[in-house]
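Novice: This is the structure I want to talk about, given as structure tokens.
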Amino acid sequence: MKYLIIGKSGQLTKAFQQLLAEKEEPFIALSHEEADVSNYAQLKNVFEQYKPDFVLNCSAYNNVDKAEMEYEEAFKINSIGPYNLALLSQEYGAFLVHYSTDYVFDGTKTEGLYTEEDKPNPLNKYGLSKRVGERLSLELCTNKSMLLFRTSWVFGEGTQNFIHKVLGWVKNEDVLKISADEVSVPTCSTRIALVTYEAIRQGVSGLYHLVSSGYASRYEWAKAILNVYGINRVVIPVPADTFELPAKRPSFSAMSNEKINHLLNLDIPNWMEELSTFARSKNG
Ligand SMILES: NC(=O)c1ccc[n+]([C@@H]2O[C@H](COP(=O)([O-])OP(=O)(O)OC[C@H]3O[C@@H](n4cnc5c(N)ncnc54)[C@H](OP(=O)(O)O)[C@@H]3O)[C@@H](O)[C@H]2O)c1
């Protein structure tokens, strides 16, 4: 099997399934029941059975607030998972692609966007579990045998994203309160899959930030979603601490895509353009 996708129903998996089918590439996507990243023995059987050339790790424990309470579960999926996949990819000679997050940063950078050279310092347990996963997999995958992409505010097919949340809120609320002091980059899963595919094709390895161009506050992101879906609601900008959420979030964690953009000679579109394209594709 050429491509082994870990995770079956997630946003990024869905984007890869569509892309690889279009490219007529052989692939298989396995659910957490068929390939639990925290279960080394089960994963070893999967590698033995499929002998993949490329492993796309689309698995994650993504619930940032719940991770504060369920740290063990988050750690198992986000830290032990990539460690197991890195071990087995090395053993079976597969190339590993793994994804991490802007939440590895503390958001205190005062000049410019976060680059690959900036030092991680996660503020919450989710960010910490992802950072440990980054370190463990990067240390194991030597000789250019891995790609690690950090991304942020992913949207795509599925329900685990901000677009889905906003479209749900407007069914019951006339006025939305959205934080204006949380800034990052909305990024479409289709773009992540496309750039990953291109990077693999060009033999690129290492750590890169893979996000749309530009950045937005949550407030701006929500307003753009309402605008593109033609929904009229009052949106009030509020401070993030209004919501008293369990996990602390970085206030400014927008990353720069310049390194991968330049290396692959791409022109990754602005998040607003990506949002319009996504909404158009959903409306047929
Ligand atoms: N969503 C975001 O806003 C965001 C932000 C920054 C970074 N990222 C990163 O981007 C990547 C893709 O995220 P996404 O949004 O596509 O995630 P998602 O939609 O939440 O999907 C998560 C996937 O993880 C799989 N999974 C959960 N537990 C597992 C286990 N024990 N073993 C194997 N698979 C397991 C699920 O499998 P099933 O299909 O079997 O349920 C599902 O396919 C992740 O690395 C994530 O951390 C996402």
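Note on naming: chains are A, B, ... as they come in the structure tokens, residues start from 1 per chain, ligands start from 1 in the order shown.
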Using only C-alpha atoms, determine which residues lie at most 7 Å from Asp106 in chain A, disregarding the query and same-chain residues fewer than 4 positions distant; provide the list as an NGL selection string.
Specialist: :A and (121-123 or 250)
Novice: Write the residues of the selection above to a file with N, CA and C atoms, as a CSV table (one decimal), in the first residue's frame.
Specialist:
chain,number,residue,atom,x,y,z
A,121,ASN,N,6.6,26.9,23.6
A,121,ASN,CA,6.4,27.0,25.0
A,121,ASN,C,4.9,26.9,25.3
A,122,PRO,N,4.3,25.7,25.2
A,122,PRO,CA,2.9,25.5,25.3
A,122,PRO,C,2.3,26.0,26.6
A,123,LEU,N,1.1,26.6,26.5
A,123,LEU,CA,0.4,27.1,27.6
A,123,LEU,C,-0.6,26.1,28.2
A,250,PRO,N,-3.1,30.7,23.6
A,250,PRO,CA,-2.2,31.9,23.2
A,250,PRO,C,-3.0,33.0,22.6
Novice: Taking only C-alpha atoms and all ligand atoms into account, which residues are within 9 Å of ligand 1, as a ChimeraX atom specification?
Specialist: /A:6-15,29-39,57-63,73-74,76-78,81,98-103,126,130,149-162,186-187,189,192
Novice: Enumerate, in order of chain and increasing residue number, the residues of range 164-265 of chain A with an atom no farther than 12 Å from range 272-275 of chain A, each with its shortest atom pair and distance in Å to one decimal, counting only C-alpha atoms, as CSV.
Specialist:
residue,atom,partner,partner_atom,distance
A:Val185,CA,A:Met272,CA,10.1
A:Pro186,CA,A:Leu275,CA,8.4
A:Thr187,CA,A:Glu274,CA,7.6
A:Cys188,CA,A:Glu274,CA,6.6
A:Ser189,CA,A:Glu274,CA,10.0
A:Thr190,CA,A:Glu274,CA,9.3
A:Arg191,CA,A:Glu274,CA,8.4
A:Ile192,CA,A:Glu274,CA,11.4
A:Val211,CA,A:Glu274,CA,10.8
A:Ser212,CA,A:Glu274,CA,7.7
A:Ser213,CA,A:Met272,CA,9.0
A:Gly214,CA,A:Met272,CA,8.6
A:Tyr215,CA,A:Met272,CA,9.3
A:Ala216,CA,A:Met272,CA,9.4
A:Glu220,CA,A:Met272,CA,10.1
A:Trp221,CA,A:Met272,CA,8.6
A:Ala222,CA,A:Leu275,CA,11.2
A:Lys223,CA,A:Met272,CA,10.9
A:Ala224,CA,A:Met272,CA,7.3
A:Ile225,CA,A:Leu275,CA,7.6
A:Leu226,CA,A:Leu275,CA,10.9
A:Asn227,CA,A:Leu275,CA,10.4
A:Val228,CA,A:Leu275,CA,7.7
A:Tyr229,CA,A:Leu275,CA,10.0
Novice: Here is a test: counting only C-alpha atoms, which residue of A:Lys119, A:Lys171, A:Arg233, A:Lys2 is nearest to Lys51 in chain A?
Specialist: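 Residue with the minimum atom-to-atom distance to Lys51 in chain A: A:Lys2.
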Novice: Which distance in Å separates CA of Glu198 in chain A and CA of Leu266 in chain A, to one decimal?
Specialist: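 Atom-to-atom, CA of Glu198 in chain A and CA of Leu266 in chain A are spaced 9.7 Å apart.
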Novice: Can you tell me, as a ChimeraX atom specification, which residues in range 8-243 of chain A count as strand (DSSP E or B) by DSSP?
Specialist: /A:27-30,54-57,95-101,114,146-151,154-155,175-179,183-184,187-188,206-209,213,216-217,234-238
Novice: Quick check, in Å to one decimal: how far apart do CA of Gln17 in chain A and CA of Ser137 in chain A lie?
Specialist: 23.9 Å
Novice: Counting only C-alpha atoms, what is within 9 Å of Ala86 in chain A, bar same-chain residues fewer than 5 positions away, as a PyMOL selection string?
Specialist: chain A and resi 81+91+94-96+136-141+146
Novice: Quote the spacing between CA of Thr115 in chain A and CA of Leu263 in chain A in Å to one decimal place.
Specialist: 14.3 Å
Novice: Using only C-alpha atoms, which protein or nucleic acid residues come within 6 Å of Leu147 in chain A? Drop anything in the same chain fewer than 5 positions from it, and give the result as a PDB file with N, CA, C and O atoms, in the first residue's frame.
Specialist:
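Output (result_9.pdb):
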ATOM      1  N   VAL A  97       4.485  11.389   7.803  1.00  0.00           N
ATOM      2  CA  VAL A  97       4.015  12.781   7.823  1.00  0.00           C
ATOM      3  C   VAL A  97       3.144  12.961   9.066  1.00  0.00           C
ATOM      4  O   VAL A  97       2.188  12.208   9.270  1.00  0.00           O
ATOM      5  N   SER A 205      11.624  17.220   3.403  1.00  0.00           N
ATOM      6  CA  SER A 205      11.492  16.669   4.757  1.00  0.00           C
ATOM      7  C   SER A 205      11.760  17.780   5.769  1.00  0.00           C
ATOM      8  O   SER A 205      12.266  18.835   5.422  1.00  0.00           O
ATOM      9  N   GLY A 206      11.413  17.517   7.031  1.00  0.00           N
ATOM     10  CA  GLY A 206      11.677  18.496   8.092  1.00  0.00           C
ATOM     11  C   GLY A 206      10.416  19.147   8.626  1.00  0.00           C
ATOM     12  O   GLY A 206       9.301  18.699   8.351  1.00  0.00           O
TER      13      GLY A 206
END
Novice: Rank nothing, just name the residue among A:Arg201, A:Lys66, A:His164, A:His209 nearest to Glu117 in chain A, using only C-alpha atoms.
Specialist: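 Of A:Arg201, A:Lys66, A:His164, A:His209, the one nearest Glu117 in chain A is A:His209, counting only C-alpha atoms.
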Novice: With only C-alpha atoms counted and 12 Å as the cut-off, give the residues of range 9-70 of chain A in contact with range 242-249 of chain A, each with its shortest interatomic distance in Å and the pair that gives it, as a tab-separated table.
Specialist:
residue	atom	partner	partner_atom	distance
A:Asn63	CA	A:Ala247	CA	9.9
A:Val64	CA	A:Ala247	CA	6.5
A:Asp65	CA	A:Ala247	CA	5.0
A:Lys66	CA	A:Pro246	CA	7.8
A:Ala67	CA	A:Ala247	CA	8.0
A:Glu68	CA	A:Ala247	CA	6.3
A:Met69	CA	A:Pro246	CA	8.7
A:Glu70	CA	A:Pro246	CA	11.7
Novice: I need the residue nearest Gln42 in chain A from this list: A:Asn232, A:Thr110, A:Asn84, A:Asn257. Use only C-alpha atoms for the distance.
Specialist: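 Among A:Asn232, A:Thr110, A:Asn84, A:Asn257, it is A:Asn84 that comes nearest to Gln42 in chain A.
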Novice: I'd like the contact shell of Trp169 in chain A - 12 Å cut-off, only C-alpha atoms, skipping same-chain residues fewer than 3 positions apart - returned as a ChimeraX atom specification.
Specialist: /A:162-166,172-178,222,226,231,233,235
